[in-house]
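Visitor: Data file coords.cif (mmCIF, C-alpha atoms) is appended below.
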data_final
loop_
_atom_site.group_PDB
_atom_site.id
_atom_site.type_symbol
_atom_site.label_atom_id
_atom_site.label_comp_id
_atom_site.auth_asym_id
_atom_site.auth_seq_id
_atom_site.Cartn_x
_atom_site.Cartn_y
_atom_site.Cartn_z
ATOM 1 C CA MET X 1 79.788 20.473 90.739
ATOM 2 C CA ALA X 2 82.092 22.181 93.224
ATOM 3 C CA LYS X 3 80.516 23.124 96.581
ATOM 4 C CA PHE X 4 81.109 25.793 99.253
ATOM 5 C CA ILE X 5 79.263 27.506 102.104
ATOM 6 C CA VAL X 6 76.860 30.448 101.878
ATOM 7 C CA GLU X 7 76.538 33.005 104.648
ATOM 8 C CA THR X 8 73.934 35.686 105.301
ATOM 9 C CA SER X 9 75.495 39.118 105.637
ATOM 10 C CA ALA X 10 73.128 41.127 107.844
ATOM 11 C CA ARG X 11 72.983 44.937 107.845
ATOM 12 C CA HIS X 12 76.265 46.408 108.997
ATOM 13 C CA ILE X 13 78.546 49.436 108.990
ATOM 14 C CA HIS X 14 82.203 49.910 108.052
ATOM 15 C CA LEU X 15 83.843 53.063 109.426
ATOM 16 C CA THR X 16 86.926 55.180 108.955
ATOM 17 C CA GLN X 17 88.917 55.862 112.113
ATOM 18 C CA LYS X 18 87.893 59.536 111.901
ATOM 19 C CA ASP X 19 84.161 58.724 111.814
ATOM 20 C CA LEU X 20 84.565 56.111 114.555
ATOM 21 C CA ASP X 21 86.284 58.697 116.779
ATOM 22 C CA THR X 22 83.500 61.232 116.138
ATOM 23 C CA LEU X 23 80.734 58.736 116.923
ATOM 24 C CA TYR X 24 82.377 57.521 120.143
ATOM 25 C CA GLY X 25 83.922 60.823 121.248
ATOM 26 C CA GLU X 26 87.409 59.449 121.709
ATOM 27 C CA GLU X 27 90.567 59.863 119.643
ATOM 28 C CA ASN X 28 91.835 56.528 118.259
ATOM 29 C CA TYR X 29 88.781 54.710 119.586
ATOM 30 C CA GLN X 30 89.304 50.946 119.489
ATOM 31 C CA LEU X 31 86.509 48.608 118.431
ATOM 32 C CA HIS X 32 85.540 45.717 120.725
ATOM 33 C CA PRO X 33 85.397 42.446 118.753
ATOM 34 C CA LYS X 34 82.366 40.287 119.531
ATOM 35 C CA LYS X 35 82.810 37.507 116.969
ATOM 36 C CA ASN X 36 85.315 36.643 114.258
ATOM 37 C CA LEU X 37 83.808 36.404 110.776
ATOM 38 C CA SER X 38 84.647 33.864 108.079
ATOM 39 C CA GLN X 39 86.902 36.262 106.190
ATOM 40 C CA PRO X 40 90.348 36.451 107.809
ATOM 41 C CA GLY X 41 90.875 39.538 109.965
ATOM 42 C CA GLN X 42 87.197 40.584 109.824
ATOM 43 C CA PHE X 43 85.042 40.724 112.964
ATOM 44 C CA ALA X 44 81.629 41.787 114.224
ATOM 45 C CA CYS X 45 81.840 44.338 117.037
ATOM 46 C CA GLU X 46 80.017 44.903 120.309
ATOM 47 C CA GLU X 47 79.360 48.451 119.069
ATOM 48 C CA LYS X 48 76.113 49.286 117.256
ATOM 49 C CA LEU X 49 74.963 52.535 115.696
ATOM 50 C CA THR X 50 71.655 53.994 114.637
ATOM 51 C CA VAL X 51 71.287 54.499 110.876
ATOM 52 C CA VAL X 52 68.847 57.356 110.213
ATOM 53 C CA GLY X 53 67.029 58.007 106.958
ATOM 54 C CA PRO X 54 64.186 60.351 105.977
ATOM 55 C CA LYS X 55 61.478 57.812 106.949
ATOM 56 C CA GLY X 56 62.960 56.107 109.995
ATOM 57 C CA GLU X 57 65.922 54.509 111.667
ATOM 58 C CA ILE X 58 67.420 51.082 112.352
ATOM 59 C CA LYS X 59 70.247 49.731 114.485
ATOM 60 C CA ALA X 60 73.235 48.115 112.785
ATOM 61 C CA SER X 61 76.432 46.498 114.000
ATOM 62 C CA ILE X 62 79.871 47.797 113.145
ATOM 63 C CA LEU X 63 82.279 45.405 111.424
ATOM 64 C CA GLY X 64 86.007 45.777 111.944
ATOM 65 C CA PRO X 65 88.672 46.612 111.300
ATOM 66 C CA VAL X 66 88.363 50.274 110.264
ATOM 67 C CA ARG X 67 88.265 50.991 106.531
ATOM 68 C CA PRO X 68 89.448 53.751 104.174
ATOM 69 C CA GLU X 69 85.804 54.861 103.607
ATOM 70 C CA SER X 70 82.717 54.684 105.776
ATOM 71 C CA GLN X 71 79.968 52.538 104.300
ATOM 72 C CA VAL X 72 76.583 51.173 105.339
ATOM 73 C CA GLU X 73 75.373 47.873 103.850
ATOM 74 C CA LEU X 74 71.603 47.328 104.053
ATOM 75 C CA SER X 75 69.143 44.972 102.461
ATOM 76 C CA LEU X 76 66.767 46.653 100.024
ATOM 77 C CA THR X 77 63.963 46.080 102.545
ATOM 78 C CA ASP X 78 65.941 47.922 105.257
ATOM 79 C CA ALA X 79 66.738 50.778 102.873
ATOM 80 C CA ARG X 80 63.084 51.216 101.850
ATOM 81 C CA ALA X 81 61.954 51.099 105.483
ATOM 82 C CA ILE X 82 64.099 54.094 106.421
ATOM 83 C CA GLY X 83 63.699 55.899 103.069
ATOM 84 C CA VAL X 84 67.299 55.581 101.881
ATOM 85 C CA VAL X 85 68.484 54.846 98.346
ATOM 86 C CA ALA X 86 70.797 51.813 98.380
ATOM 87 C CA PRO X 87 72.077 50.904 94.920
ATOM 88 C CA ILE X 88 73.240 47.309 94.483
ATOM 89 C CA ARG X 89 77.018 47.517 94.413
ATOM 90 C CA GLU X 90 80.191 45.720 95.372
ATOM 91 C CA SER X 91 81.490 46.674 98.793
ATOM 92 C CA GLY X 92 83.672 49.767 98.561
ATOM 93 C CA ASP X 93 81.888 51.174 95.484
ATOM 94 C CA VAL X 94 80.181 54.066 97.260
ATOM 95 C CA LYS X 95 80.519 56.938 94.760
ATOM 96 C CA GLY X 96 77.059 58.387 94.143
ATOM 97 C CA SER X 97 75.372 55.939 96.528
ATOM 98 C CA GLY X 98 72.751 56.684 99.174
ATOM 99 C CA ALA X 99 73.040 59.105 102.082
ATOM 100 C CA CYS X 100 72.204 58.697 105.761
ATOM 101 C CA LYS X 101 73.057 59.914 109.236
ATOM 102 C CA LEU X 102 74.899 57.681 111.711
ATOM 103 C CA VAL X 103 74.223 58.283 115.393
ATOM 104 C CA GLY X 104 76.589 57.007 118.045
ATOM 105 C CA PRO X 105 76.805 57.418 121.805
ATOM 106 C CA ALA X 106 78.900 60.614 121.589
ATOM 107 C CA GLY X 107 78.310 62.092 118.152
ATOM 108 C CA GLU X 108 76.755 61.990 114.711
ATOM 109 C CA VAL X 109 78.163 61.613 111.205
ATOM 110 C CA GLU X 110 76.348 62.623 108.024
ATOM 111 C CA LEU X 111 77.278 60.366 105.111
ATOM 112 C CA ALA X 112 76.601 62.194 101.827
ATOM 113 C CA GLU X 113 77.157 58.822 100.140
ATOM 114 C CA GLY X 114 78.021 55.348 101.347
ATOM 115 C CA VAL X 115 74.768 53.397 101.648
ATOM 116 C CA ILE X 116 74.631 50.319 99.398
ATOM 117 C CA ALA X 117 72.936 46.947 99.095
ATOM 118 C CA ALA X 118 75.896 44.610 98.685
ATOM 119 C CA LYS X 119 75.963 42.695 95.441
ATOM 120 C CA ARG X 120 75.918 38.956 96.094
ATOM 121 C CA HIS X 121 79.419 37.576 95.814
ATOM 122 C CA VAL X 122 81.741 34.626 96.385
ATOM 123 C CA HIS X 123 85.056 35.182 98.152
ATOM 124 C CA MET X 124 87.861 32.827 97.122
ATOM 125 C CA THR X 125 91.618 32.470 97.007
ATOM 126 C CA PRO X 126 93.526 32.284 93.710
ATOM 127 C CA ALA X 127 93.884 28.525 94.288
ATOM 128 C CA ASP X 128 90.090 28.214 94.710
ATOM 129 C CA ALA X 129 89.553 30.251 91.527
ATOM 130 C CA GLU X 130 91.812 27.858 89.640
ATOM 131 C CA ILE X 131 89.854 24.859 90.957
ATOM 132 C CA PHE X 132 86.520 26.450 90.001
ATOM 133 C CA GLY X 133 87.851 27.724 86.662
ATOM 134 C CA VAL X 134 86.830 31.340 87.336
ATOM 135 C CA LYS X 135 88.524 34.741 87.504
ATOM 136 C CA ASP X 136 88.250 37.814 89.704
ATOM 137 C CA LYS X 137 85.163 39.925 88.850
ATOM 138 C CA GLN X 138 83.638 37.125 86.736
ATOM 139 C CA ILE X 139 79.847 36.803 87.035
ATOM 140 C CA VAL X 140 78.535 33.301 87.839
ATOM 141 C CA LYS X 141 75.354 31.486 88.902
ATOM 142 C CA VAL X 142 75.164 29.687 92.247
ATOM 143 C CA LYS X 143 72.615 27.006 93.168
ATOM 144 C CA VAL X 144 71.358 26.859 96.765
ATOM 145 C CA ASN X 145 69.912 23.427 97.500
ATOM 146 C CA GLY X 146 68.176 23.911 100.909
ATOM 147 C CA SER X 147 64.486 23.370 101.566
ATOM 148 C CA ARG X 148 63.525 25.932 98.920
ATOM 149 C CA PRO X 149 66.145 25.476 96.169
ATOM 150 C CA LEU X 150 66.945 28.347 93.860
ATOM 151 C CA ILE X 151 69.675 29.641 91.584
ATOM 152 C CA PHE X 152 71.247 33.023 92.283
ATOM 153 C CA ASP X 153 72.282 34.760 89.072
ATOM 154 C CA ASP X 154 74.627 37.747 88.788
ATOM 155 C CA VAL X 155 77.020 36.597 91.540
ATOM 156 C CA VAL X 156 80.401 38.321 91.360
ATOM 157 C CA VAL X 157 83.564 36.325 92.049
ATOM 158 C CA ARG X 158 86.052 38.124 94.307
ATOM 159 C CA VAL X 159 89.540 36.626 94.325
ATOM 160 C CA SER X 160 92.291 37.464 96.811
ATOM 161 C CA PRO X 161 94.882 35.496 98.759
ATOM 162 C CA LYS X 162 93.356 37.191 101.850
ATOM 163 C CA TYR X 163 89.930 35.558 101.378
ATOM 164 C CA ALA X 164 88.366 32.340 102.627
ATOM 165 C CA LEU X 165 85.952 30.453 100.347
ATOM 166 C CA ALA X 166 82.378 31.558 101.085
ATOM 167 C CA MET X 167 79.402 33.146 99.331
ATOM 168 C CA HIS X 168 77.736 36.202 100.891
ATOM 169 C CA ILE X 169 74.103 37.133 100.362
ATOM 170 C CA ASP X 170 71.971 39.656 102.230
ATOM 171 C CA THR X 171 69.022 38.999 104.527
ATOM 172 C CA ASP X 172 66.408 39.466 101.780
ATOM 173 C CA GLU X 173 68.172 36.921 99.574
ATOM 174 C CA SER X 174 68.541 34.490 102.453
ATOM 175 C CA ASN X 175 64.822 34.769 103.168
ATOM 176 C CA ALA X 176 64.034 34.170 99.483
ATOM 177 C CA ALA X 177 65.897 30.887 99.794
ATOM 178 C CA TYR X 178 63.698 30.093 102.803
ATOM 179 C CA GLY X 179 66.145 31.212 105.428
ATOM 180 C CA VAL X 180 69.466 29.846 104.280
ATOM 181 C CA THR X 181 71.269 28.708 107.414
ATOM 182 C CA GLU X 182 74.850 29.629 108.211
ATOM 183 C CA GLY X 183 77.170 27.188 106.512
ATOM 184 C CA GLU X 184 74.598 25.976 103.963
ATOM 185 C CA ILE X 185 76.327 24.180 101.095
ATOM 186 C CA VAL X 186 75.826 25.602 97.613
ATOM 187 C CA GLU X 187 77.161 24.745 94.163
#
Using structure tokens, write down the structure that the file contains.
Guide:
Amino acid sequence: MAKFIVETSARHIHLTQKDLDTLYGEENYQLHPKKNLSQPGQFACEEKLTVVGPKGEIKASILGPVRPESQVELSLTDARAIGVVAPIRESGDVKGSGACKLVGPAGEVELAEGVIAAKRHVHMTPADAEIFGVKDKQIVKVKVNGSRPLIFDDVVVRVSPKYALAMHIDTDESNAAYGVTEGEIVE
């Protein structure tokens, strides 16, 4: 069996430059990287926003760089807690998804759609895909060995030369596997 790392993707926000400028009250606002992420060019930011739903609100970090569409990725537990619908989707598939309000230090943005629970997925390069014998968008099963072993079904393979090999699951899924630690090896 081939092995790779699994990472927990906590709640986060991707923003367009326009929405970022509105929330921070500055034209061409520049994000402040806090930590590089495993995927090349991706980073967690110092900036956090409040995500507001009909039943409550939560804080979430912004991930950079800016994107073509604003999007909020929550666990299903987070979404229920604030009363927001978050269909399970691949990142970027926001059409007809949940709505929320984002509150920043200088402004607010109403998202009519854009709230999702990210579908569990494995990032890999074309060379990795060849080694594993899989293709982009293929659905696979992944076994997490840890202290509470389980098999994740319905994992989508995402192939791009821009990716680094890693599986991403949300906080709820990580907790189900008894708190998968960063860099846990899976097969």
Visitor: Apply the PyMOL selection byres ((chain X and resi 90) around 12) to the file shown and report the selected residues as a ChimeraX atom specification.
Guide: /X:71-73,86-89,91-95,97,114-123,137,154-158,168-169
Visitor: Between X:Ala106, X:Ala176, X:Ala79, X:Met167, which has the minimum distance to X:Glu27 (counting all atoms listed in the file)?
Guide: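 Ranking X:Ala106, X:Ala176, X:Ala79, X:Met167 by distance to X:Glu27, first place goes to X:Ala106.
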Visitor: Expanded to explicit residues, what is the PyMOL selection byres ((chain X and resi 105) around 7) for this file, as a compact mmCIF listing (two decimals) with C-alpha atoms, in the frame of the given file?
Guide:
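expr_15.txt, freshly written:
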# COMPACT_ATOMS: atom_id res chain seq x y z
CA LEU X 23 80.73 58.74 116.92
CA TYR X 24 82.38 57.52 120.14
CA VAL X 103 74.22 58.28 115.39
CA GLY X 104 76.59 57.01 118.04
CA ALA X 106 78.90 60.61 121.59
CA GLY X 107 78.31 62.09 118.15
Visitor: Under the rule that all atoms listed in the file are counted, which of X:Leu63, X:Lys162, X:Ile82, X:Glu26 is the nearest residue to X:Gln42?
Guide: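 Distance minimum relative to X:Gln42 lands on X:Leu63.
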Visitor: Find the distance between atom CA of X:Val66 and atom CA of X:Pro126 and write it in Å to one decimal.
Guide: 25.0 Å
Visitor: For X:Ala81, please output as a ChimeraX atom specification all residues within 9 Å (counting all atoms listed in the file; exclusion window: fewer than 4 positions along the same chain).
Guide: /X:53,55-58,76-77
Visitor: What would stretch 8-19 of chain X look like with N, CA and C atoms restored, written as a compact mmCIF listing (two decimals), keeping the file's coordinate frame?
Guide:
# COMPACT_ATOMS: atom_id res chain seq x y z
N THR X 8 74.78 34.51 105.38
CA THR X 8 73.93 35.69 105.30
C THR X 8 74.67 36.86 105.93
N SER X 9 74.84 37.91 105.15
CA SER X 9 75.50 39.12 105.64
C SER X 9 74.40 40.11 106.03
N ALA X 10 74.17 40.23 107.34
CA ALA X 10 73.13 41.13 107.84
C ALA X 10 73.58 42.58 107.70
N ARG X 11 72.65 43.50 107.92
CA ARG X 11 72.98 44.94 107.84
C ARG X 11 74.18 45.23 108.73
N HIS X 12 75.08 46.07 108.22
CA HIS X 12 76.26 46.41 109.00
C HIS X 12 76.91 47.69 108.48
N ILE X 13 77.89 48.16 109.26
CA ILE X 13 78.55 49.44 108.99
C ILE X 13 80.05 49.24 109.02
N HIS X 14 80.74 49.82 108.05
CA HIS X 14 82.20 49.91 108.05
C HIS X 14 82.53 51.39 108.27
N LEU X 15 83.52 51.67 109.11
CA LEU X 15 83.84 53.06 109.43
C LEU X 15 85.31 53.39 109.23
N THR X 16 85.56 54.65 108.91
CA THR X 16 86.93 55.18 108.96
C THR X 16 87.26 55.43 110.43
N GLN X 17 88.53 55.55 110.73
CA GLN X 17 88.92 55.86 112.11
C GLN X 17 88.37 57.22 112.52
N LYS X 18 88.40 58.19 111.60
CA LYS X 18 87.89 59.54 111.90
C LYS X 18 86.42 59.50 112.29
N ASP X 19 85.59 58.80 111.50
CA ASP X 19 84.16 58.72 111.81
C ASP X 19 83.93 57.94 113.11
